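Below is protein.cif, holding mmCIF, C-alpha atoms and all ligand atoms.
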data_target
#
loop_
_atom_site.label_atom_id
_atom_site.label_comp_id
_atom_site.auth_asym_id
_atom_site.auth_seq_id
_atom_site.Cartn_x
_atom_site.Cartn_y
_atom_site.Cartn_z
CA MET A 13 14.64 18.18 -12.73
CA PRO A 14 15.05 14.61 -11.44
CA PRO A 15 12.21 13.42 -9.20
CA ILE A 16 12.65 14.26 -5.52
CA PRO A 17 14.06 11.35 -3.44
CA LYS A 18 11.23 9.78 -1.46
CA ALA A 19 10.04 6.71 0.41
CA GLU A 20 6.98 4.77 -0.79
CA LEU A 21 5.00 3.56 2.22
CA HIS A 22 1.66 2.51 0.72
CA LEU A 23 2.06 0.20 -2.24
CA HIS A 24 0.28 -3.09 -2.93
CA ILE A 25 2.65 -5.21 -5.00
CA GLU A 26 -0.31 -6.94 -6.66
CA GLY A 27 -1.51 -3.46 -7.64
CA THR A 28 1.63 -2.93 -9.73
CA LEU A 29 0.62 -5.64 -12.22
CA GLU A 30 0.61 -3.78 -15.55
CA PRO A 31 -1.48 -5.22 -18.43
CA GLU A 32 1.70 -6.00 -20.38
CA LEU A 33 3.10 -8.21 -17.59
CA ALA A 34 -0.36 -9.69 -16.90
CA PHE A 35 -0.54 -10.95 -20.50
CA ALA A 36 3.07 -12.18 -20.45
CA LEU A 37 2.46 -14.17 -17.24
CA ALA A 38 -0.87 -15.48 -18.57
CA ALA A 39 0.97 -16.88 -21.60
CA ARG A 40 3.83 -18.27 -19.48
CA ASN A 41 1.39 -20.04 -17.13
CA SER A 42 -1.30 -20.97 -19.68
CA VAL A 43 -3.91 -18.94 -17.80
CA GLU A 44 -6.81 -17.57 -19.82
CA LEU A 45 -7.70 -13.94 -19.23
CA PRO A 46 -11.24 -12.71 -19.99
CA TYR A 47 -9.73 -9.85 -22.05
CA LEU A 48 -8.55 -10.06 -25.66
CA SER A 49 -5.85 -7.42 -25.49
CA GLU A 50 -3.90 -5.11 -23.19
CA ALA A 51 -5.99 -2.23 -24.51
CA GLU A 52 -9.23 -4.03 -23.70
CA LEU A 53 -7.96 -4.79 -20.20
CA ARG A 54 -6.88 -1.19 -19.64
CA ALA A 55 -10.33 -0.05 -20.75
CA ALA A 56 -11.76 -2.03 -17.79
CA TYR A 57 -9.83 0.23 -15.35
CA SER A 58 -12.79 2.47 -14.62
CA PHE A 59 -14.07 2.16 -11.08
CA SER A 60 -17.11 3.38 -9.16
CA ASP A 61 -15.80 2.55 -5.67
CA LEU A 62 -13.30 0.37 -3.77
CA GLN A 63 -15.20 -2.90 -4.38
CA SER A 64 -15.42 -2.42 -8.15
CA PHE A 65 -11.63 -2.07 -8.20
CA LEU A 66 -11.05 -5.03 -5.87
CA ASP A 67 -13.07 -7.33 -8.17
CA LEU A 68 -10.63 -6.73 -11.04
CA TYR A 69 -7.57 -6.65 -8.74
CA TYR A 70 -8.34 -10.16 -7.41
CA ALA A 71 -9.34 -11.54 -10.84
CA LEU A 72 -6.05 -10.52 -12.49
CA MET A 73 -3.98 -12.22 -9.77
CA ALA A 74 -4.85 -15.55 -11.47
CA VAL A 75 -1.77 -15.03 -13.66
CA LEU A 76 0.58 -15.12 -10.61
CA ARG A 77 1.49 -18.79 -10.09
CA THR A 78 5.20 -19.29 -9.37
CA GLU A 79 8.05 -17.87 -7.30
CA ASP A 80 9.48 -16.39 -10.53
CA ASP A 81 6.18 -14.59 -11.19
CA PHE A 82 6.31 -12.83 -7.82
CA ALA A 83 10.00 -12.01 -8.27
CA ASP A 84 9.36 -10.58 -11.76
CA LEU A 85 6.39 -8.56 -10.52
CA ALA A 86 8.42 -7.01 -7.69
CA ASP A 87 11.47 -6.37 -9.88
CA ALA A 88 9.35 -4.57 -12.49
CA TYR A 89 7.86 -2.38 -9.75
CA LEU A 90 11.27 -1.55 -8.26
CA ALA A 91 12.64 -0.44 -11.65
CA ARG A 92 9.67 1.91 -12.14
CA ALA A 93 9.86 3.15 -8.56
CA ARG A 94 13.51 4.10 -8.84
CA ALA A 95 12.79 6.07 -12.03
CA GLN A 96 10.26 8.03 -9.93
CA GLY A 97 12.75 8.91 -7.19
CA VAL A 98 11.88 6.13 -4.72
CA ARG A 99 14.88 5.28 -2.50
CA HIS A 100 13.01 3.14 0.04
CA ALA A 101 9.82 1.08 -0.42
CA GLU A 102 7.63 -0.61 2.19
CA ILE A 103 5.61 -3.08 0.17
CA PHE A 104 2.25 -4.69 0.98
CA PHE A 105 1.28 -8.15 -0.17
CA ASP A 106 -1.96 -10.10 0.27
CA PRO A 107 -1.06 -13.73 1.08
CA GLN A 108 -4.70 -14.86 1.43
CA ALA A 109 -5.46 -13.77 -2.14
CA HIS A 110 -2.88 -16.32 -3.25
CA THR A 111 -3.32 -19.17 -0.76
CA ALA A 112 -7.07 -19.12 -1.57
CA ARG A 113 -6.05 -20.00 -5.16
CA GLY A 114 -3.98 -22.97 -3.96
CA LEU A 115 -0.53 -21.35 -3.80
CA GLU A 116 1.79 -21.94 -0.84
CA ILE A 117 2.51 -18.82 1.22
CA GLY A 118 6.21 -19.72 0.88
CA THR A 119 6.01 -19.38 -2.92
CA VAL A 120 4.76 -15.82 -2.52
CA ILE A 121 7.24 -14.78 0.17
CA GLU A 122 10.27 -16.48 -1.40
CA GLY A 123 9.52 -14.90 -4.79
CA LEU A 124 9.01 -11.40 -3.41
CA THR A 125 12.03 -11.52 -1.11
CA ARG A 126 14.27 -12.71 -3.95
CA ALA A 127 13.53 -9.44 -5.81
CA LEU A 128 13.61 -7.32 -2.65
CA ASP A 129 16.95 -8.74 -1.49
CA ALA A 130 18.49 -7.78 -4.85
CA ALA A 131 16.87 -4.32 -4.91
CA GLU A 132 19.58 -2.39 -3.09
CA GLU A 133 22.21 -3.48 -5.59
CA ARG A 134 20.03 -3.63 -8.73
CA HIS A 135 17.94 -0.49 -8.20
CA GLY A 136 19.38 1.46 -5.27
CA ILE A 137 16.23 0.93 -3.21
CA SER A 138 16.02 -0.39 0.35
CA THR A 139 12.87 -2.35 1.11
CA ARG A 140 10.58 -3.77 3.77
CA LEU A 141 7.73 -6.25 3.36
CA ILE A 142 4.31 -5.75 5.00
CA MET A 143 1.94 -8.73 5.18
CA CYS A 144 -1.71 -7.67 4.93
CA PHE A 145 -4.78 -9.49 6.14
CA LEU A 146 -7.93 -9.33 4.02
CA ARG A 147 -10.49 -7.68 6.30
CA ASP A 148 -13.42 -9.18 4.36
CA GLU A 149 -12.12 -12.63 5.36
CA SER A 150 -12.62 -13.97 8.89
CA ALA A 151 -10.51 -13.25 11.98
CA GLU A 152 -9.73 -17.01 12.07
CA SER A 153 -8.38 -16.87 8.50
CA ALA A 154 -6.10 -13.97 9.49
CA LEU A 155 -4.81 -15.94 12.49
CA ALA A 156 -4.18 -19.03 10.34
CA THR A 157 -2.34 -16.86 7.80
CA PHE A 158 -0.17 -15.36 10.51
CA GLU A 159 0.74 -18.84 11.79
CA ALA A 160 1.50 -20.06 8.24
CA ALA A 161 3.86 -17.08 7.88
CA ARG A 162 5.72 -17.73 11.17
CA PRO A 163 8.67 -19.50 9.48
CA TYR A 164 9.17 -16.35 7.36
CA LEU A 165 8.72 -13.61 9.97
CA ASP A 166 12.39 -12.61 9.72
CA ARG A 167 11.52 -11.26 6.23
CA ILE A 168 8.44 -9.34 7.35
CA ALA A 169 8.59 -5.91 8.99
CA ALA A 170 4.93 -5.31 9.72
CA VAL A 171 1.36 -6.50 9.36
CA GLY A 172 -1.38 -4.53 7.63
CA LEU A 173 -5.10 -4.69 6.95
CA ASP A 174 -6.70 -4.09 3.55
CA SER A 175 -9.55 -4.97 1.16
CA ALA A 176 -13.25 -4.04 1.61
CA GLU A 177 -13.34 -1.66 4.57
CA VAL A 178 -16.97 -0.83 5.34
CA GLY A 179 -18.53 -3.50 7.58
CA ASN A 180 -15.09 -4.93 8.49
CA PRO A 181 -13.83 -2.74 11.34
CA PRO A 182 -10.34 -3.03 12.87
CA SER A 183 -11.87 -4.47 16.09
CA LYS A 184 -12.35 -7.78 14.21
CA PHE A 185 -8.55 -8.25 14.09
CA ARG A 186 -7.47 -7.44 17.66
CA GLU A 187 -6.09 -10.90 18.35
CA VAL A 188 -3.91 -11.26 15.27
CA TYR A 189 -2.46 -7.77 15.80
CA ALA A 190 -1.63 -8.66 19.41
CA ARG A 191 0.16 -11.76 18.14
CA ALA A 192 2.06 -9.77 15.51
CA ARG A 193 3.21 -7.18 18.04
CA GLU A 194 4.24 -9.98 20.43
CA ALA A 195 6.41 -11.33 17.58
CA GLY A 196 8.10 -7.93 17.26
CA LEU A 197 6.38 -6.73 14.09
CA LYS A 198 5.23 -3.18 13.42
CA CYS A 199 1.53 -2.62 12.77
CA VAL A 200 -0.34 -0.58 10.16
CA ALA A 201 -3.93 -0.72 8.89
CA HIS A 202 -6.04 0.82 6.16
CA ALA A 203 -8.63 2.95 7.95
CA GLY A 204 -10.76 5.93 6.98
CA GLU A 205 -10.53 5.42 3.20
CA GLU A 206 -14.20 4.54 2.68
CA GLY A 207 -14.82 3.73 6.34
CA PRO A 208 -15.76 6.28 9.03
CA PRO A 209 -13.46 8.06 11.52
CA ALA A 210 -14.54 5.48 14.14
CA TYR A 211 -12.45 2.91 12.26
CA ILE A 212 -9.37 5.12 12.64
CA TRP A 213 -9.98 5.38 16.40
CA GLU A 214 -10.23 1.57 16.51
CA ALA A 215 -7.01 1.12 14.52
CA LEU A 216 -5.22 3.36 17.04
CA ASP A 217 -6.83 2.13 20.26
CA LEU A 218 -7.50 -1.56 19.55
CA LEU A 219 -4.78 -2.48 17.05
CA GLY A 220 -2.11 -0.04 18.26
CA VAL A 221 -1.04 0.89 14.74
CA ASP A 222 2.22 2.75 14.10
CA ARG A 223 0.77 4.31 10.92
CA VAL A 224 -2.67 4.73 9.39
CA ASP A 225 -3.06 3.87 5.69
CA HIS A 226 -5.22 6.47 3.90
CA GLY A 227 -6.93 8.00 6.96
CA VAL A 228 -8.32 10.84 4.80
CA ARG A 229 -11.69 10.69 6.53
CA CYS A 230 -10.09 11.73 9.85
CA MET A 231 -10.87 15.28 8.70
CA GLU A 232 -14.52 14.70 9.66
CA ASP A 233 -13.55 14.41 13.34
CA ASP A 234 -11.71 17.31 15.06
CA ALA A 235 -10.81 15.31 18.17
CA LEU A 236 -9.29 12.59 15.99
CA VAL A 237 -7.24 15.11 14.01
CA ALA A 238 -5.96 16.56 17.30
CA ARG A 239 -4.99 13.10 18.52
CA LEU A 240 -3.20 12.13 15.26
CA ALA A 241 -1.37 15.47 15.19
CA ALA A 242 -0.35 15.31 18.88
CA GLU A 243 1.00 11.77 18.51
CA ARG A 244 2.57 12.49 15.11
CA THR A 245 0.94 9.33 13.74
CA PRO A 246 1.82 9.09 10.05
CA LEU A 247 -0.96 8.90 7.45
CA THR A 248 -0.13 7.32 4.09
CA LEU A 249 -2.26 9.26 1.62
CA CYS A 250 -2.82 8.03 -1.95
CA PRO A 251 -4.21 10.98 -3.95
CA LEU A 252 -4.61 9.38 -7.40
CA SER A 253 -6.23 6.33 -5.77
CA ASN A 254 -8.72 8.59 -3.98
CA VAL A 255 -9.84 10.08 -7.29
CA ARG A 256 -10.03 6.75 -9.18
CA LEU A 257 -12.02 5.09 -6.36
CA ARG A 258 -14.24 8.17 -5.99
CA VAL A 259 -13.29 8.94 -2.40
CA ILE A 260 -13.00 12.50 -3.77
CA ASP A 261 -14.25 13.96 -7.06
CA LYS A 262 -11.01 15.46 -8.29
CA LEU A 263 -7.41 16.00 -7.19
CA ALA A 264 -8.06 19.71 -6.61
CA ASP A 265 -10.53 18.68 -3.84
CA HIS A 266 -7.95 16.61 -1.94
CA PRO A 267 -7.75 17.59 1.76
CA LEU A 268 -3.95 17.23 1.79
CA PRO A 269 -3.27 20.97 2.30
CA ALA A 270 -5.78 21.14 5.16
CA MET A 271 -4.19 18.05 6.68
CA LEU A 272 -0.74 19.66 6.59
CA ASP A 273 -2.19 22.83 8.11
CA ALA A 274 -3.70 20.74 10.90
CA GLY A 275 -0.21 19.49 11.78
CA LEU A 276 -0.72 15.94 10.50
CA LEU A 277 2.27 13.87 9.42
CA VAL A 278 1.06 13.07 5.91
CA THR A 279 2.89 11.22 3.15
CA VAL A 280 2.06 10.79 -0.56
CA ASN A 281 1.98 7.29 -2.04
CA SER A 282 0.71 5.33 -5.03
CA ASP A 283 -1.44 2.44 -3.62
CA ASP A 284 -2.14 0.39 -6.81
CA PRO A 285 -0.28 2.35 -9.48
CA ALA A 286 -0.98 0.02 -12.43
CA TYR A 287 -4.69 0.62 -11.86
CA PHE A 288 -4.83 4.22 -10.68
CA GLY A 289 -2.82 6.00 -13.35
CA GLY A 290 0.49 6.74 -11.69
CA TYR A 291 3.49 5.79 -9.57
CA ALA A 292 5.07 7.70 -6.68
CA ASP A 293 6.25 10.83 -8.47
CA ASP A 294 3.07 10.97 -10.58
CA ASN A 295 1.23 11.37 -7.26
CA PHE A 296 3.66 14.11 -6.16
CA THR A 297 3.36 16.07 -9.41
CA GLY A 298 -0.40 15.43 -9.48
CA VAL A 299 -1.00 17.09 -6.11
CA ARG A 300 1.58 19.79 -6.86
CA ASP A 301 -0.24 20.83 -10.03
CA ALA A 302 -3.82 20.38 -8.80
CA LEU A 303 -3.30 21.99 -5.39
CA GLY A 304 -0.55 24.47 -6.25
CA LEU A 305 1.92 23.10 -3.72
CA ASP A 306 5.24 24.95 -3.53
CA ASP A 307 8.72 23.36 -3.46
CA GLU A 308 8.98 23.72 0.31
CA THR A 309 5.76 21.71 0.77
CA LEU A 310 6.97 19.00 -1.62
CA ARG A 311 10.21 18.77 0.36
CA THR A 312 8.16 18.44 3.56
CA LEU A 313 6.16 15.58 2.01
CA ALA A 314 9.35 13.82 0.92
CA ARG A 315 10.95 14.33 4.36
CA ASN A 316 7.77 13.03 6.01
CA SER A 317 8.00 9.84 3.94
CA PHE A 318 11.40 8.96 5.41
CA HIS A 319 10.41 10.12 8.88
CA ALA A 320 7.32 7.86 8.77
CA SER A 321 9.26 4.83 7.44
CA PHE A 322 10.39 1.79 9.40
CA LEU A 323 14.04 2.45 8.49
CA ASP A 324 16.42 2.46 11.44
CA GLU A 325 17.31 5.90 12.86
CA GLU A 326 20.75 5.99 11.32
CA THR A 327 19.65 5.22 7.75
CA ARG A 328 16.66 7.53 8.06
CA ALA A 329 18.91 10.36 9.20
CA LYS A 330 20.75 10.23 5.85
CA TYR A 331 17.57 11.41 4.13
CA LEU A 332 16.26 13.95 6.66
C1 LIG B 401 -6.53 -1.43 -1.81
CL1 LIG B 401 -6.97 1.16 -2.42
C2 LIG B 401 -7.16 -0.24 -1.45
N1 LIG B 401 -7.92 -0.19 -0.36
C3 LIG B 401 -8.10 -1.29 0.35
N2 LIG B 401 -7.54 -2.46 0.06
C4 LIG B 401 -6.75 -2.53 -1.02
N3 LIG B 401 -6.06 -3.55 -1.56
C5 LIG B 401 -5.44 -3.11 -2.64
N4 LIG B 401 -5.72 -1.81 -2.81
ZN ZN B 402 -4.05 0.55 -0.11
#
As structure tokens, please, write out the structure in this file.
Amino acid sequence: MPPIPKAELHLHIEGTLEPELAFALAARNSVELPYLSEAELRAAYSFSDLQSFLDLYYALMAVLRTEDDFADLADAYLARARAQGVRHAEIFFDPQAHTARGLEIGTVIEGLTRALDAAEERHGISTRLIMCFLRDESAESALATFEAARPYLDRIAAVGLDSAEVGNPPSKFREVYARAREAGLKCVAHAGEEGPPAYIWEALDLLGVDRVDHGVRCMEDDALVARLAAERTPLTLCPLSNVRLRVIDKLADHPLPAMLDAGLLVTVNSDDPAYFGGYADDNFTGVRDALGLDDETLRTLARNSFHASFLDEETRAKYL
């Protein structure tokens, strides 16, 4: 059976950097990696929490230097995504992780959009770009990043918030989210991955997010679950990520079935697939097998992914 058609709504493009491409780009750009081989690098993909993953994720970005690098990275992801049934992808990128290394934000955006603009024809995938702010950087840095991106806002659908969650609550980024909304962008934020339910409340009430990324920890707060269900706020779950970053012990423990039962609009996504052991359909089959989900439930999850997307009504309707 071919993989079920789906939308990918939680995907960090830098998290699609496979060891093979990392070594190829390192050679192309004369960047030295502190690993001797792809196998040795892959062996480092064992994480104890979010921060232990982020350390490697940021270190490997050193190989990304040119517009071509970003275009090649995105094109490689899109080819893999299509093979896993993805028809629409809303893709995060972390501009501050690149400008901090001396790259121009335009290099990043021009490279990514070159691959994304060709994706419909090359891979049969429609795309959107979501610019994330690093929450462990300052509010001023986020504002400066937003202003640096202003010339490119026609290519950007939404803003997001990622990186080390605990100690960096959504409230820190009120001003930049207000500016983004004023500019007509949609808003999402990682909340309730490692952070408490209070961070999800803040993302809703202070940032006005249209979707919550992860949000698994909402299940600790009944009033919050009721609110998310009543407002049909989408949650972009990433099951394999949750296991690899030890948010849960094993896939069979994932609260996804309880979340569906609670009436939440949940979707299944891959987060950083090069690091977490699977792309979009690997996450679908993973939860199917571990949680015993039936075909009807898988169809609901796929339908939810289009429903929760930023596609226009008419295009979305083709998939629903
Ligand atoms: C991330 Cl899994 C996760 N959480 C927060 N920030 C991130 N950036 C890339 N992957
Ligand atoms: Zn994420």
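Put simply, CA of Leu303 in chain A is 17.6 Å away from CA of Arg258 in chain A.
Nearest-residue note for Arg54 in chain A: choosing from A:Gly289, A:Pro14, A:Pro182, A:Gly123, the minimum distance belongs to A:Gly289, counting all atoms listed in the file.
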Distance limit 9 Å, reference ligand ZN 402 (chain B), atoms considered: all atoms listed in the file. Which residues make the cut? Give them as a list in words. His22, Leu23, His24, Gly27, Phe104, Leu173, Asp174, Ser175, His202, Glu205, Asp225, His226, Thr248, Cys250, Ser253, Ser282, Asp283 and Asp284 of chain A
If we count all atoms listed in the file and set the cut-off at 10 Å, which residues sit around Thr28 in chain A, ignoring sequence neighbours fewer than 2 positions away in its own chain? Please answer as a ChimeraX atom specification. /A:23-26,30-31,33,69,85-86,88-90,92,282-288,290-291
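The interatomic distance for the pair CA of Ala130 in chain A and CA of Ala71 in chain A works out to 28.7 Å.
Counting from CA of Leu323 in chain A, the distance to CA of Ala101 in chain A is 10.0 Å.
Using all atoms listed in the file, the shortest contact distance between ligand LIG 401 (chain B) and any of A:Ala241, A:Ala176, A:Ala270, A:Met73 is found at A:Ala176.
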Could you put an axis-aligned box around every listed atom of ligand LIG 401 (chain B), padded by 6 Å on each side, and send me its centre and edge lengths in Å to one decimal, as AutoDock Vina command-line options?
--center_x -6.8 --center_y -1.2 --center_z -1.2 --size_x 14.7 --size_y 16.7 --size_z 15.2
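Shortest separation to ligand LIG 401 (chain B) among A:Asp81, A:Glu122, A:Glu177, A:Glu232 occurs at residue A:Glu177, atoms counted being all atoms listed in the file.
Checking A:Arg94, A:Arg147, A:His319, A:Arg113 one by one against Phe185 in chain A, counting only C-alpha atoms, you find the shortest gap at A:Arg147.
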Counting all atoms listed in the file, what is within 10 Å of Ala242 in chain A, bar same-chain residues fewer than 5 positions away, as a list in words? Leu236, Val237, Gly275, Leu276 and Leu277 of chain A
